[in-house]
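run_12.txt follows (compact mmCIF, C-alpha atoms (C1' of nucleotides)):
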# COMPACT_ATOMS: atom_id res chain seq x y z
CA MET A 194 -12.71 -49.44 27.75
CA SER A 195 -13.06 -48.45 31.37
CA SER A 196 -11.28 -45.20 30.58
CA SER A 197 -14.11 -44.17 28.27
CA VAL A 198 -17.02 -42.03 29.41
CA ARG A 199 -19.81 -43.99 31.01
CA LEU A 200 -23.40 -43.05 30.17
CA THR A 201 -25.22 -41.27 32.98
CA ARG A 202 -28.63 -41.87 34.57
CA ARG A 203 -29.85 -38.85 32.70
CA PHE A 204 -28.97 -40.48 29.41
CA TYR A 205 -31.21 -43.45 30.15
CA ARG A 206 -34.19 -41.53 31.57
CA ARG A 207 -35.85 -40.96 28.24
CA ASP A 208 -38.62 -42.57 26.27
CA PRO A 209 -37.60 -45.95 24.80
CA VAL A 210 -37.68 -44.84 21.17
CA THR A 211 -35.32 -41.94 21.79
CA LEU A 212 -33.14 -44.14 23.97
CA ALA A 213 -33.03 -46.96 21.43
CA LYS A 214 -31.76 -44.63 18.73
CA ALA A 215 -29.28 -43.03 21.14
CA LEU A 216 -27.89 -46.43 22.13
CA LEU A 217 -26.80 -47.23 18.58
CA GLY A 218 -23.05 -46.80 18.31
CA LYS A 219 -22.51 -46.96 22.08
CA ILE A 220 -20.32 -49.67 23.58
CA LEU A 221 -21.67 -52.36 25.88
CA VAL A 222 -19.02 -53.60 28.30
CA ARG A 223 -19.12 -56.77 30.39
CA ARG A 224 -16.51 -57.04 33.11
CA LEU A 225 -15.92 -60.63 34.16
CA GLU A 226 -15.05 -61.63 37.72
CA ASP A 227 -11.39 -61.97 36.82
CA GLY A 228 -11.32 -58.42 35.52
CA ARG A 229 -11.27 -59.17 31.84
CA GLU A 230 -13.61 -57.05 29.75
CA LEU A 231 -15.74 -58.12 26.81
CA ALA A 232 -17.16 -55.34 24.71
CA GLY A 233 -19.12 -54.64 21.56
CA LYS A 234 -20.66 -51.73 19.71
CA ILE A 235 -24.45 -51.69 19.82
CA VAL A 236 -25.69 -51.95 16.25
CA GLU A 237 -29.32 -53.09 16.68
CA VAL A 238 -31.95 -52.22 19.29
CA GLU A 239 -35.70 -52.55 19.72
CA ALA A 240 -37.98 -50.28 21.75
CA TYR A 241 -40.72 -51.74 23.96
CA LEU A 242 -43.25 -49.11 24.90
CA GLY A 243 -44.76 -50.51 28.08
CA ILE A 244 -48.37 -50.88 29.16
CA GLU A 245 -49.92 -49.96 25.81
CA ASP A 246 -47.51 -52.12 23.79
CA ARG A 247 -48.96 -55.54 23.09
CA ALA A 248 -45.49 -56.93 22.38
CA ALA A 249 -44.01 -55.77 25.69
CA HIS A 250 -43.73 -58.00 28.74
CA SER A 251 -45.41 -55.19 30.68
CA PHE A 252 -48.41 -55.01 28.35
CA GLY A 253 -51.66 -54.25 30.16
CA GLY A 254 -49.75 -53.38 33.31
CA ARG A 255 -48.48 -56.90 33.80
CA ARG A 256 -46.06 -56.94 36.70
CA THR A 257 -44.50 -60.23 37.74
CA ALA A 258 -41.34 -61.56 39.32
CA ARG A 259 -39.80 -61.92 35.88
CA ASN A 260 -40.36 -58.41 34.56
CA ALA A 261 -39.85 -56.56 37.84
CA SER A 262 -36.72 -54.85 36.53
CA MET A 263 -38.68 -53.29 33.70
CA TRP A 264 -40.68 -51.35 36.28
CA GLY A 265 -37.58 -50.01 37.97
CA ASP A 266 -35.56 -46.91 37.29
CA ALA A 267 -33.77 -46.24 34.02
CA GLY A 268 -30.21 -47.36 33.46
CA HIS A 269 -30.63 -50.85 34.86
CA ALA A 270 -30.57 -54.17 33.02
CA TYR A 271 -33.69 -56.22 32.47
CA VAL A 272 -32.52 -59.76 31.71
CA TYR A 273 -35.11 -62.42 30.94
CA PHE A 274 -35.11 -66.09 30.03
CA THR A 275 -37.01 -67.34 26.99
CA TYR A 276 -37.64 -70.36 24.79
CA GLY A 277 -36.38 -72.62 27.55
CA MET A 278 -32.75 -71.86 26.83
CA HIS A 279 -31.96 -68.26 25.96
CA TRP A 280 -31.25 -65.05 27.87
CA CYS A 281 -31.90 -61.59 26.46
CA VAL A 282 -30.81 -58.23 27.85
CA ASN A 283 -32.69 -54.93 27.86
CA VAL A 284 -31.75 -51.44 28.96
CA VAL A 285 -34.53 -50.02 31.13
CA ALA A 286 -35.78 -46.61 29.96
CA ASP A 287 -37.91 -43.82 31.40
CA ARG A 288 -38.45 -43.16 35.08
CA ASP A 289 -39.24 -45.48 37.96
CA GLU A 290 -42.61 -47.24 37.64
CA VAL A 291 -42.77 -46.73 33.86
CA PRO A 292 -42.12 -50.22 32.41
CA THR A 293 -40.41 -49.44 29.11
CA ALA A 294 -37.13 -50.84 27.82
CA CYS A 295 -34.80 -51.32 24.88
CA LEU A 296 -33.83 -54.84 23.81
CA ILE A 297 -30.21 -55.08 22.69
CA ARG A 298 -30.35 -57.27 19.60
CA ALA A 299 -26.85 -57.17 18.13
CA LEU A 300 -23.29 -56.06 18.81
CA GLU A 301 -20.22 -55.61 16.72
CA PRO A 302 -17.54 -57.37 18.81
CA LEU A 303 -14.69 -55.07 19.83
CA ALA A 304 -12.82 -56.59 22.78
CA GLY A 305 -12.43 -60.06 24.23
CA ILE A 306 -13.35 -61.66 20.94
CA GLU A 307 -11.51 -64.90 21.66
CA GLU A 308 -13.36 -65.25 24.94
CA MET A 309 -16.65 -64.59 23.15
CA ARG A 310 -15.82 -67.26 20.62
CA ARG A 311 -15.02 -69.68 23.39
CA ARG A 312 -18.33 -68.97 25.10
CA ARG A 313 -20.31 -69.27 21.88
CA GLY A 314 -18.68 -72.57 20.98
CA ARG A 315 -17.56 -73.89 17.61
CA GLU A 316 -16.25 -71.62 14.94
CA ARG A 317 -18.11 -68.36 14.91
CA GLY A 318 -17.53 -65.45 12.59
CA VAL A 319 -19.83 -62.51 12.01
CA ASP A 320 -22.61 -64.15 14.03
CA LEU A 321 -20.76 -64.00 17.35
CA CYS A 322 -23.09 -61.33 18.72
CA SER A 323 -25.67 -60.89 15.96
CA GLY A 324 -28.79 -61.86 17.86
CA PRO A 325 -30.23 -61.06 21.30
CA ALA A 326 -29.48 -64.49 22.74
CA LYS A 327 -26.17 -64.85 20.92
CA LEU A 328 -24.74 -61.72 22.48
CA THR A 329 -25.76 -62.69 26.01
CA GLN A 330 -24.03 -66.02 25.52
CA ALA A 331 -20.92 -64.31 24.19
CA LEU A 332 -20.82 -61.77 27.03
CA ALA A 333 -21.80 -64.14 29.84
CA ILE A 334 -25.03 -62.31 30.66
CA ASP A 335 -27.72 -64.24 32.50
CA ARG A 336 -30.12 -64.03 35.45
CA ALA A 337 -27.33 -62.89 37.75
CA LEU A 338 -27.29 -59.57 35.89
CA ASP A 339 -31.02 -58.94 35.97
CA GLY A 340 -31.49 -55.58 37.67
CA ALA A 341 -27.81 -54.69 37.44
CA ASP A 342 -27.13 -50.95 37.59
CA LEU A 343 -25.40 -49.82 34.41
CA VAL A 344 -24.53 -46.45 35.94
CA GLU A 345 -23.07 -47.40 39.31
CA GLY A 346 -22.32 -51.10 38.90
CA GLY A 347 -19.10 -52.67 37.72
CA GLU A 348 -20.05 -55.84 35.90
CA LEU A 349 -22.13 -54.37 33.08
CA TYR A 350 -22.11 -50.83 31.72
CA ILE A 351 -22.23 -48.76 28.56
CA VAL A 352 -19.78 -46.14 27.38
CA ARG A 353 -19.88 -43.50 24.72
CA GLY A 354 -18.35 -44.80 21.53
CA ALA A 355 -16.38 -42.86 19.01
CA ARG A 356 -18.33 -39.95 17.65
CA GLY A 357 -19.18 -40.17 14.02
CA ARG A 358 -21.97 -40.38 11.48
CA ARG A 359 -24.42 -43.15 12.07
CA VAL A 360 -27.07 -43.80 9.48
CA ILE A 361 -30.00 -45.29 11.34
CA GLU A 362 -32.59 -47.49 9.68
CA ARG A 363 -35.81 -48.80 11.20
CA SER A 364 -38.14 -51.75 10.69
CA PRO A 365 -40.83 -53.72 12.52
CA ARG A 366 -39.62 -55.71 15.52
CA ILE A 367 -38.61 -59.34 15.20
CA GLY A 368 -40.59 -62.23 16.65
CA VAL A 369 -43.67 -60.33 17.78
CA ALA A 370 -46.18 -61.48 15.17
CA TYR A 371 -48.69 -62.20 17.95
CA ALA A 372 -48.83 -58.52 18.90
CA ARG A 373 -51.59 -57.56 16.47
CA GLU A 374 -51.44 -53.87 15.54
CA TRP A 375 -48.18 -53.54 17.43
CA ALA A 376 -46.46 -56.21 15.35
CA GLY A 377 -45.96 -53.92 12.39
CA LYS A 378 -44.84 -50.75 14.13
CA PRO A 379 -41.30 -49.75 13.13
CA LEU A 380 -39.67 -49.97 16.55
CA ARG A 381 -36.50 -51.82 15.57
CA PHE A 382 -33.50 -49.59 14.94
CA PHE A 383 -30.16 -50.55 13.45
CA ILE A 384 -27.06 -49.08 11.89
CA ALA A 385 -27.46 -49.19 8.14
CA GLY A 386 -25.13 -51.56 6.36
CA ASN A 387 -23.47 -52.94 9.46
CA PRO A 388 -22.75 -56.65 8.86
CA HIS A 389 -23.37 -57.56 12.51
CA VAL A 390 -27.04 -56.63 12.38
CA THR A 391 -29.32 -59.71 12.46
CA GLY A 392 -30.79 -61.13 9.30
CA GLN A 393 -28.00 -59.84 7.08
CA LYS A 394 -27.14 -61.82 4.02
CA LYS A 395 -23.57 -62.96 4.26
CA PHE A 396 -21.21 -62.63 1.37
CA GLU A 397 -18.16 -64.81 1.83
CA GLY A 398 -15.03 -63.68 0.06
CA ALA A 399 -14.62 -60.52 -1.95
CA VAL A 400 -17.49 -60.94 -4.36
CA PRO A 401 -19.84 -58.00 -3.89
CA PRO A 402 -23.59 -58.44 -4.05
CA LYS A 403 -25.09 -58.20 -7.50
CA LYS A 404 -26.49 -54.81 -8.25
CA ARG A 405 -30.24 -54.83 -8.41
CA ARG A 406 -31.79 -54.29 -11.80
CA PRO A 407 -33.98 -51.18 -11.89
CA LEU A 408 -37.67 -51.96 -11.97
CA SER A 409 -39.26 -51.64 -15.34
CA ARG A 410 -42.52 -49.78 -15.80
CA GLY A 411 -45.46 -51.37 -14.00
CA GLU A 412 -43.30 -54.04 -12.35
CA LYS A 413 -43.84 -54.65 -8.65
CA SER A 414 -40.98 -54.71 -6.14
CA LYS A 415 -40.46 -58.03 -4.31
CA THR A 416 -39.42 -56.26 -1.15
C1' DA B 165 -50.74 -79.26 39.99
C1' DT B 166 -51.06 -78.55 35.22
C1' DG B 167 -50.67 -76.77 30.60
C1' DA B 168 -49.49 -73.39 27.11
C1' DC B 169 -46.23 -70.54 25.42
C1' DG B 170 -42.27 -67.76 24.23
C1' DA B 171 -38.81 -60.15 22.49
C1' DT B 172 -34.56 -67.47 19.72
C1' DT B 173 -31.10 -70.33 17.63
C1' DT B 174 -29.63 -74.07 15.09
C1' DA B 175 -29.64 -77.85 12.11
C1' DC B 176 -31.62 -80.04 8.50
C1' DT B 177 -34.48 -80.90 4.04
C1' DG C 49 -38.27 -73.11 4.25
C1' DT C 50 -39.42 -76.10 8.39
C1' DA C 51 -38.81 -78.00 12.81
C1' DA C 52 -36.65 -79.37 17.04
C1' DA C 53 -34.55 -78.02 21.22
C1' DT C 54 -35.87 -77.04 26.08
C1' DC C 55 -37.82 -75.10 30.54
C1' DG C 56 -38.95 -70.95 33.41
C1' DT C 57 -42.92 -68.39 34.03
C1' DC C 58 -47.57 -67.43 34.59
C1' DA C 59 -52.57 -68.08 34.33
C1' DT C 60 -55.95 -71.24 35.58
C1' DA C 61 -57.83 -74.54 38.71

Written as structure tokens, how would this file's structure read?
Amino acid sequence: MSSSVRLTRRFYRRDPVTLAKALLGKILVRRLEDGRELAGKIVEVEAYLGIEDRAAHSFGGRRTARNASMWGDAGHAYVYFTYGMHWCVNVVADRDEVPTACLIRALEPLAGIEEMRRRRGRERGVDLCSGPAKLTQALAIDRALDGADLVEGGELYIVRGARGRRVIERSPRIGVAYAREWAGKPLRFFIAGNPHVTGQKKFEGAVPPKKRRPLSRGEKSKT
DNA sequence: ATGACGATTTACT
DNA sequence: GTAAATCGTCATA
């Protein structure tokens, strides 16, 4: 992993929507103190647009001890604690003093999977890293990594993944129903069809999902 | 000092 | 589908 090309400051210094889409397919690497590396491909990201965005922690220009990292320069981690028990990790976007970020919501585990399983506890399959708080637990990311530099630092960084076609889908963000007109904006991005994306129906075994019957005339879609 | 709440997960009905 | 878990953070006083 460490032999791969690390993303530069320039890569991160973009608006959060562009950055979110660009992050899909990249590889998030966590180097533990003992040198072991845990890594996963980023398959789901959300963009938080800053002061104007009612769903963002920086909405209305809010600047507190907790969200300080969001106001910093691009290419740093913004790690926050929520619901009394969970940590979530963001990649800070834009330039210094512009509080935008991308929430990493899901990874496809690539390296250190046994260690991830151990950290997650119990038997875990496809849901090892399929959720913003699940992946921080799996990769040992907490307050100690808030503000960590992804460009210069050694404990958390992102590298370019294999090049290849990525079909990107988008949807409204998860868990921001309170954000009024911002709740419905399609600022969640994910790799189409990837089973590690959150909210995926799981099909155990080899039985494929039933093909959907075409809608008949005048019939309304349920989705 | 206090109270309300959350960019979630999990277990259970 | 519904609810509990669980506590740092922040606004208000």

Residues of chain A at most 8 Å from chain B: nearest atom pair and distance in Å, only C-alpha atoms (C1' of nucleotides), as a Markdown table:
| residue | atom | partner | partner_atom | distance |
| --- | --- | --- | --- | --- |
| A:Ala248 | CA | B:DA171 | C1' | 7.4 |
| A:Ala249 | CA | B:DA171 | C1' | 7.5 |
| A:Thr275 | CA | B:DG170 | C1' | 6.0 |
| A:Tyr276 | CA | B:DG170 | C1' | 5.3 |
| A:His279 | CA | B:DT172 | C1' | 6.8 |
| A:Leu296 | CA | B:DA171 | C1' | 7.4 |
| A:Pro325 | CA | B:DT172 | C1' | 7.9 |
| A:Ala326 | CA | B:DT172 | C1' | 6.6 |
| A:Ile367 | CA | B:DA171 | C1' | 7.3 |
| A:Gly368 | CA | B:DA171 | C1' | 6.4 |
| A:Val369 | CA | B:DA171 | C1' | 6.8 |

Work out how far apart CA of Gly305 (chain A) and CA of Ile384 (chain A) are and give it in Å to one decimal.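 Distance reported for this atom pair: 22.1 Å.
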
How close does chain A get to chain C? List, as CSV, each residue of chain A within 12 Å, its nearest atom pair and the distance in Å to one decimal, counting only C-alpha atoms (C1' of nucleotides).
residue,atom,partner,partner_atom,distance
A:His250,CA,C:DT57,C1',11.7
A:Arg255,CA,C:DC58,C1',10.6
A:Arg256,CA,C:DC58,C1',10.8
A:Thr257,CA,C:DC58,C1',8.4
A:Ala258,CA,C:DT57,C1',8.8
A:Arg259,CA,C:DT57,C1',7.4
A:Asn260,CA,C:DT57,C1',10.3
A:Tyr273,CA,C:DG56,C1',9.7
A:Phe274,CA,C:DG56,C1',7.1
A:Thr275,CA,C:DG56,C1',7.6
A:Tyr276,CA,C:DT54,C1',7.0
A:Gly277,CA,C:DC55,C1',4.1
A:Met278,CA,C:DT54,C1',6.1
A:His279,CA,C:DT54,C1',9.6
A:Trp280,CA,C:DG56,C1',11.2
A:Arg336,CA,C:DG56,C1',11.4

Selected residues written out, C-alpha atoms, as a compact mmCIF listing (two decimals), keeping the file's coordinate frame:
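Wrote out.txt, looks like this:
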# COMPACT_ATOMS: atom_id res chain seq x y z
CA HIS A 250 -43.73 -58.00 28.74
CA ARG A 255 -48.48 -56.90 33.80
CA ARG A 256 -46.06 -56.94 36.70
CA THR A 257 -44.50 -60.23 37.74
CA ALA A 258 -41.34 -61.56 39.32
CA ARG A 259 -39.80 -61.92 35.88
CA ASN A 260 -40.36 -58.41 34.56
CA TYR A 273 -35.11 -62.42 30.94
CA PHE A 274 -35.11 -66.09 30.03
CA THR A 275 -37.01 -67.34 26.99
CA TYR A 276 -37.64 -70.36 24.79
CA GLY A 277 -36.38 -72.62 27.55
CA MET A 278 -32.75 -71.86 26.83
CA HIS A 279 -31.96 -68.26 25.96
CA TRP A 280 -31.25 -65.05 27.87
CA ARG A 336 -30.12 -64.03 35.45

Distance CA of Glu230 (chain A)-CA of Arg206 (chain A), one decimal place? 25.8 Å

Hey, could you pull the box centre and edge lengths for region 58-61 of chain C, axis-aligned, 5 Å padding per side, all listed atoms, to one decimal in Å, as lines of an AutoDock Vina configuration file?
center_x = -52.7
center_y = -71.0
center_z = 36.5
size_x = 20.3
size_y = 17.1
size_z = 14.4
